[in-house]
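Asks: Below are the structure tokens for one structure; questions will follow.
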Amino acid sequence: MDPVAFEIEIAGLAHFEDLWKRTVIFARECGVARIGYHHLPPPGAPDAGELRVENDGFPEAMLAQYLEARVQGVAVLAGALQSSARPIYLDDIESMAPAGTRERAHLSAYRAAGVHNGLGMQAFGPKGRNGIFAIDLEPEVRRLSPRALGSLRFACQAMHLRYCELLMRELGEVPVLSTREAEVLSWVARGKTNGSIGDILGISAHTVDAHLRRIYLKLGVADRISAALKGLGFGLISLDAHEPHRLTRSR
């Protein structure tokens with residue numbers, strides 16, 4: 001159960017199926033009975049509308065229930081994970097006593113489906129391309145030891161990053177913006193008007209509009225919001241590109 005050896009091994013895998021199989025094997029060695037993975041592309045990404053889920057052991061009905069809960073905004077564990085940098089156990093979520101009836105019903109459905117010791121963790125990827133791992137530990141394993149949990153977190157993060165690498169190759173080439181077009185789109189994403197962008201960049205509002213028209217054509221969109229979302233989703237722009245940086249020191 002060496003997470004570094006696992007990361008080295010999966011770096012040589014070229015297929016999603018092989019990557020997932022090796023991840024499942026590693027998870028089993030950590031005391032995991034069932035594991036699922038939901039890949040979450042950022043809004044505006046070329047695959048933003050596609051569902052990418054890997055599953056080993058969870059029944060299809062539970063997967064469907066989870067996806068429906070996400071649509072309805074009541075997927076409690078997933079929501080908590082996306083607001084946390086640490087793994088979360090299902091019984092910890094239950095102890096927080098969610099107020100909504102639908103949320104409680106969603107959690108109860110996991111127990112009804114035989115989830116003994118549920119655990120979730122988030123993985124972080126490039127340009128907001130994150131993922132969620134749903135885990136059910138073996139019945140006799142109520143909590144993972146700190147070492148086992150750390151190893152599993154490392155492996156899941158490594159798997160997610162490799163998944164992202166393979167996916168980027170599959171999605172192919174992304175549109176290319178000129179330096180000026182990227183500057184214009186960055187300010188559009190911040191909500192600036194053409195006039196304001198022109199003042200910032202030292203060009204006319206008419207020139208800004210001309211740049212935007214070329215951006216729309218390259219990205220296949222027809223409005224500012226869609227262009228900004230695609231620019232962020234493709235990783236063509238960053239919202240902090242022109243923001244001043246402050247140096248903070250720990251005490």
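Letters for chains follow the order of the structure tokens (A, B, ...), residue numbers begin at 1 for each chain, and ligand numbers begin at 1 in the order shown.
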Find the residues around Val115 in chain A up to 10 Å (only C-alpha atoms counted), leave out those fewer than 3 positions away in its own chain, and share them as a PDB file with N, CA and C atoms, in the first residue's frame.
Replies:
```pdb
ATOM      1  N   ALA A  33     -14.583  -1.287   0.608  1.00  0.00           N
ATOM      2  CA  ALA A  33     -15.445  -2.319   0.028  1.00  0.00           C
ATOM      3  C   ALA A  33     -15.984  -1.890  -1.335  1.00  0.00           C
ATOM      4  N   ARG A  34     -16.381  -0.617  -1.456  1.00  0.00           N
ATOM      5  CA  ARG A  34     -16.944  -0.099  -2.699  1.00  0.00           C
ATOM      6  C   ARG A  34     -16.420   1.319  -2.909  1.00  0.00           C
ATOM      7  N   PHE A  58     -21.109  -0.146  -6.056  1.00  0.00           N
ATOM      8  CA  PHE A  58     -22.360   0.507  -5.704  1.00  0.00           C
ATOM      9  C   PHE A  58     -23.435   0.115  -6.708  1.00  0.00           C
ATOM     10  N   LEU A  90     -19.782   9.678   6.437  1.00  0.00           N
ATOM     11  CA  LEU A  90     -21.236   9.802   6.334  1.00  0.00           C
ATOM     12  C   LEU A  90     -21.884  10.021   7.694  1.00  0.00           C
ATOM     13  N   SER A 108     -30.825   8.773   4.234  1.00  0.00           N
ATOM     14  CA  SER A 108     -31.424   7.497   4.641  1.00  0.00           C
ATOM     15  C   SER A 108     -31.368   6.468   3.520  1.00  0.00           C
ATOM     16  N   ALA A 109     -31.443   6.949   2.283  1.00  0.00           N
ATOM     17  CA  ALA A 109     -31.393   6.027   1.143  1.00  0.00           C
ATOM     18  C   ALA A 109     -30.040   5.335   1.064  1.00  0.00           C
ATOM     19  N   TYR A 110     -28.969   6.021   1.465  1.00  0.00           N
ATOM     20  CA  TYR A 110     -27.654   5.384   1.482  1.00  0.00           C
ATOM     21  C   TYR A 110     -27.646   4.219   2.467  1.00  0.00           C
ATOM     22  N   ARG A 111     -28.195   4.467   3.659  1.00  0.00           N
ATOM     23  CA  ARG A 111     -28.233   3.399   4.672  1.00  0.00           C
ATOM     24  C   ARG A 111     -29.105   2.241   4.199  1.00  0.00           C
ATOM     25  N   ALA A 112     -30.222   2.575   3.568  1.00  0.00           N
ATOM     26  CA  ALA A 112     -31.127   1.531   3.093  1.00  0.00           C
ATOM     27  C   ALA A 112     -30.464   0.670   2.020  1.00  0.00           C
ATOM     28  N   GLY A 118     -19.702   4.972   5.265  1.00  0.00           N
ATOM     29  CA  GLY A 118     -19.503   5.825   4.108  1.00  0.00           C
ATOM     30  C   GLY A 118     -18.445   6.898   4.348  1.00  0.00           C
ATOM     31  N   LEU A 119     -17.706   7.193   3.303  1.00  0.00           N
ATOM     32  CA  LEU A 119     -16.654   8.200   3.361  1.00  0.00           C
ATOM     33  C   LEU A 119     -16.581   8.883   2.004  1.00  0.00           C
ATOM     34  N   ILE A 135     -16.979   6.451  -1.067  1.00  0.00           N
ATOM     35  CA  ILE A 135     -16.337   5.233  -0.570  1.00  0.00           C
ATOM     36  C   ILE A 135     -17.202   4.597   0.507  1.00  0.00           C
ATOM     37  N   ASP A 136     -17.287   3.275   0.483  1.00  0.00           N
ATOM     38  CA  ASP A 136     -17.909   2.520   1.566  1.00  0.00           C
ATOM     39  C   ASP A 136     -16.858   1.554   2.090  1.00  0.00           C
ATOM     40  N   LEU A 137     -16.499   1.722   3.347  1.00  0.00           N
ATOM     41  CA  LEU A 137     -15.469   0.871   3.938  1.00  0.00           C
ATOM     42  C   LEU A 137     -16.030  -0.517   4.248  1.00  0.00           C
ATOM     43  N   GLU A 138     -15.138  -1.462   4.458  1.00  0.00           N
ATOM     44  CA  GLU A 138     -15.565  -2.789   4.885  1.00  0.00           C
ATOM     45  C   GLU A 138     -16.343  -2.667   6.197  1.00  0.00           C
ATOM     46  N   PRO A 139     -17.354  -3.541   6.421  1.00  0.00           N
ATOM     47  CA  PRO A 139     -18.210  -3.416   7.611  1.00  0.00           C
ATOM     48  C   PRO A 139     -17.436  -3.328   8.922  1.00  0.00           C
TER      49      PRO A 139
END
```
Asks: Enumerate the residues of range 70-173 of chain A with a DSSP assignment of helix (DSSP H, G or I), computed from the backbone, and present them as a PyMOL selection string.
Replies: chain A and resi 70-72+76-81+90-95+101-112+126-128+146-171
Asks: Given only C-alpha atoms, how would the per-residue table for range 111-224 of chain A near range 36-55 of chain A read, listing every residue at most 12 Å away with its closest atom pair and distance in Å to one decimal, sorted by chain and number, as a Markdown table?
Replies:
```
| residue | atom | partner | partner_atom | distance |
| --- | --- | --- | --- | --- |
| A:Gly118 | CA | A:Gly36 | CA | 11.3 |
| A:Leu119 | CA | A:Gly36 | CA | 10.7 |
| A:Gly120 | CA | A:Gly36 | CA | 9.5 |
| A:Met121 | CA | A:Tyr37 | CA | 9.7 |
| A:Gln122 | CA | A:Tyr37 | CA | 9.6 |
| A:Ala123 | CA | A:His39 | CA | 9.2 |
| A:Phe124 | CA | A:Leu40 | CA | 9.8 |
| A:Gly125 | CA | A:Pro41 | CA | 9.2 |
| A:Pro126 | CA | A:Pro42 | CA | 9.6 |
| A:Lys127 | CA | A:Pro42 | CA | 7.5 |
| A:Gly128 | CA | A:Pro42 | CA | 5.7 |
| A:Arg129 | CA | A:Pro41 | CA | 4.7 |
| A:Asn130 | CA | A:Leu40 | CA | 5.2 |
| A:Gly131 | CA | A:His39 | CA | 4.5 |
| A:Ile132 | CA | A:His38 | CA | 5.2 |
| A:Phe133 | CA | A:Tyr37 | CA | 4.5 |
| A:Ala134 | CA | A:Gly36 | CA | 5.0 |
| A:Ile135 | CA | A:Gly36 | CA | 6.5 |
| A:Asp136 | CA | A:Gly36 | CA | 9.1 |
| A:Leu137 | CA | A:Gly36 | CA | 12.0 |
| A:Cys156 | CA | A:Tyr37 | CA | 9.2 |
| A:Gln157 | CA | A:Tyr37 | CA | 11.2 |
| A:Met159 | CA | A:Tyr37 | CA | 10.1 |
| A:His160 | CA | A:His39 | CA | 8.1 |
| A:Leu161 | CA | A:His39 | CA | 10.7 |
| A:Arg162 | CA | A:His39 | CA | 11.9 |
| A:Tyr163 | CA | A:His39 | CA | 8.8 |
| A:Cys164 | CA | A:His39 | CA | 8.8 |
| A:Leu167 | CA | A:Asp47 | CA | 9.5 |
| A:Met168 | CA | A:Pro46 | CA | 10.0 |
| A:Glu170 | CA | A:Asp47 | CA | 10.5 |
| A:Leu171 | CA | A:Pro46 | CA | 7.5 |
| A:Gly172 | CA | A:Pro46 | CA | 9.7 |
| A:Glu173 | CA | A:Pro46 | CA | 10.4 |
| A:Val174 | CA | A:Pro46 | CA | 8.6 |
| A:Pro175 | CA | A:Pro46 | CA | 10.5 |
| A:Leu219 | CA | A:Pro46 | CA | 10.1 |
| A:Gly220 | CA | A:Pro46 | CA | 11.0 |
| A:Val221 | CA | A:Gly44 | CA | 10.7 |
```
Asks: Would you list the contacts of range 207-217 of chain A as an mmCIF file with C-alpha atoms, in the first residue's frame, taking every protein, DNA or RNA residue within 7 Å and counting only C-alpha atoms, but skipping same-chain residues closer than 4 positions in sequence?
Replies:
```
data_model
loop_
_atom_site.group_PDB
_atom_site.id
_atom_site.type_symbol
_atom_site.label_atom_id
_atom_site.label_comp_id
_atom_site.auth_asym_id
_atom_site.auth_seq_id
_atom_site.Cartn_x
_atom_site.Cartn_y
_atom_site.Cartn_z
ATOM 1 C CA GLU A 181 -8.089 38.744 -26.961
ATOM 2 C CA VAL A 184 -10.225 41.512 -23.263
ATOM 3 C CA ASN A 194 -16.453 47.633 -23.474
ATOM 4 C CA GLY A 198 -10.959 50.160 -23.554
ATOM 5 C CA ILE A 203 -7.841 51.107 -26.870
ATOM 6 C CA VAL A 221 -20.670 31.534 -28.689
ATOM 7 C CA ALA A 222 -22.888 34.570 -29.185
ATOM 8 C CA ALA A 227 -17.642 33.587 -23.829
#
```
Asks: Using only C-alpha atoms, determine which residues lie at most 12 Å from Glu29 in chain A, disregarding the query and same-chain residues fewer than 4 positions distant; provide the list as a tab-separated table (two decimals) with N, CA and C atoms, in the first residue's frame.
Replies:
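Once written, result33.tsv looks like this:
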```tsv
chain	number	residue	atom	x	y	z
A	1	MET	N	0.85	-1.20	0.00
A	1	MET	CA	0.00	0.00	0.00
A	1	MET	C	0.88	1.25	0.00
A	2	ASP	N	1.70	1.37	-1.03
A	2	ASP	CA	2.61	2.50	-1.18
A	2	ASP	C	2.03	3.50	-2.17
A	3	PRO	N	1.55	4.65	-1.72
A	3	PRO	CA	0.90	5.60	-2.64
A	3	PRO	C	1.85	6.18	-3.67
A	6	PHE	N	2.15	3.72	-6.37
A	6	PHE	CA	0.90	3.76	-7.12
A	6	PHE	C	0.92	4.91	-8.13
A	22	ARG	N	-6.79	-0.15	-11.44
A	22	ARG	CA	-5.66	-0.08	-10.50
A	22	ARG	C	-6.04	0.72	-9.26
A	23	THR	N	-6.87	1.73	-9.42
A	23	THR	CA	-7.34	2.53	-8.28
A	23	THR	C	-8.18	1.67	-7.35
A	24	VAL	N	-9.05	0.85	-7.92
A	24	VAL	CA	-9.90	-0.03	-7.12
A	24	VAL	C	-9.04	-1.00	-6.31
A	25	ILE	N	-8.02	-1.56	-6.94
A	25	ILE	CA	-7.14	-2.49	-6.24
A	25	ILE	C	-6.46	-1.80	-5.07
A	33	ALA	N	-14.58	-1.29	0.61
A	33	ALA	CA	-15.45	-2.32	0.03
A	33	ALA	C	-15.98	-1.89	-1.33
A	34	ARG	N	-16.38	-0.62	-1.46
A	34	ARG	CA	-16.94	-0.10	-2.70
A	34	ARG	C	-16.42	1.32	-2.91
A	137	LEU	N	-16.50	1.72	3.35
A	137	LEU	CA	-15.47	0.87	3.94
A	137	LEU	C	-16.03	-0.52	4.25
A	138	GLU	N	-15.14	-1.46	4.46
A	138	GLU	CA	-15.57	-2.79	4.89
A	138	GLU	C	-16.34	-2.67	6.20
A	144	LEU	N	-10.80	4.70	9.02
A	144	LEU	CA	-9.47	4.38	8.57
A	144	LEU	C	-8.45	5.00	9.53
A	148	ALA	N	-3.68	5.06	6.74
A	148	ALA	CA	-4.46	4.50	5.63
A	148	ALA	C	-5.27	5.59	4.93
A	149	LEU	N	-5.85	6.51	5.71
A	149	LEU	CA	-6.62	7.60	5.12
A	149	LEU	C	-5.71	8.49	4.28
A	151	SER	N	-2.90	7.65	2.80
A	151	SER	CA	-2.52	6.92	1.60
A	151	SER	C	-3.64	6.92	0.57
A	152	LEU	N	-4.87	6.73	1.04
A	152	LEU	CA	-6.01	6.70	0.13
A	152	LEU	C	-6.24	8.08	-0.48
A	155	ALA	N	-3.63	8.61	-3.16
A	155	ALA	CA	-3.91	7.80	-4.35
A	155	ALA	C	-5.08	8.36	-5.15
```
Asks: Write down as a list in words the residues of range 36-146 of chain A whose backbone DSSP state falls under strand (DSSP E or B).
Replies: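 Listing strand (DSSP E or B) positions across range 36-146 of chain A yields Gly36, Tyr37, His38, His39, Leu40, Arg52, Val53, Glu54, Asn55, Asp56, Ile88, Tyr89, Asn117, Gly118, Leu119, Gly120, Met121, Gln122, Ala123, Asn130, Gly131, Ile132, Phe133, Ala134, Ile135, Asp136 and Leu137 of chain A.
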Asks: List as a VMD selection string the protein and nucleic acid residues near range 64-67 of chain A, meaning an atom at most 10 Å away when only C-alpha atoms are counted, but skip any in the same chain fewer than 5 places from it.
Replies: chain A and resid 38 51 59 72 to 78 106 to 107 109 to 110
Asks: Just the selected residues (N, CA and C atoms), exported as a short mmCIF file (atom, residue, chain, number, x, y, z; two decimals), in the first residue's frame, please.
Replies:
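Writing done, so here's selection_27.cif:
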```cif
data_model
loop_
_atom_site.label_atom_id
_atom_site.label_comp_id
_atom_site.auth_asym_id
_atom_site.auth_seq_id
_atom_site.Cartn_x
_atom_site.Cartn_y
_atom_site.Cartn_z
N HIS A 38 -16.80 10.61 -9.42
CA HIS A 38 -17.57 11.49 -10.28
C HIS A 38 -16.67 12.64 -10.71
N LEU A 51 -21.50 13.32 -18.60
CA LEU A 51 -21.45 12.63 -17.31
C LEU A 51 -20.30 11.62 -17.34
N PRO A 59 -24.66 -0.19 -6.24
CA PRO A 59 -25.73 -0.56 -7.16
C PRO A 59 -26.13 0.60 -8.06
N GLN A 72 -31.44 17.99 -7.90
CA GLN A 72 -32.38 18.64 -7.00
C GLN A 72 -31.70 19.49 -5.92
N GLY A 73 -30.37 19.40 -5.84
CA GLY A 73 -29.64 20.19 -4.85
C GLY A 73 -29.71 19.64 -3.45
N VAL A 74 -29.93 18.33 -3.30
CA VAL A 74 -30.04 17.73 -1.97
C VAL A 74 -29.00 16.64 -1.72
N ALA A 75 -27.95 16.60 -2.55
CA ALA A 75 -26.88 15.62 -2.36
C ALA A 75 -25.98 16.14 -1.23
N VAL A 76 -26.35 15.81 0.00
CA VAL A 76 -25.76 16.42 1.18
C VAL A 76 -24.26 16.17 1.28
N LEU A 77 -23.85 14.91 1.14
CA LEU A 77 -22.44 14.59 1.29
C LEU A 77 -21.61 15.26 0.21
N ALA A 78 -22.08 15.20 -1.03
CA ALA A 78 -21.36 15.83 -2.13
C ALA A 78 -21.25 17.34 -1.91
N HIS A 106 -32.47 11.61 1.53
CA HIS A 106 -31.34 11.26 0.68
C HIS A 106 -30.29 10.47 1.47
N LEU A 107 -29.98 10.92 2.67
CA LEU A 107 -29.02 10.21 3.50
C LEU A 107 -29.55 8.83 3.92
N ALA A 109 -31.44 6.95 2.28
CA ALA A 109 -31.39 6.03 1.14
C ALA A 109 -30.04 5.33 1.06
N TYR A 110 -28.97 6.02 1.47
CA TYR A 110 -27.65 5.38 1.48
C TYR A 110 -27.65 4.22 2.47
#
```
Asks: Provide the CA of Glu60 in chain A to CA of Ala80 in chain A distance in Å, to one decimal place.
Replies: 22.7 Å
Asks: In Å, with one decimal, what is the gap from CA of Ile93 in chain A to CA of Asn117 in chain A?
Replies: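 That distance, rounded to one decimal, is 11.8 Å.
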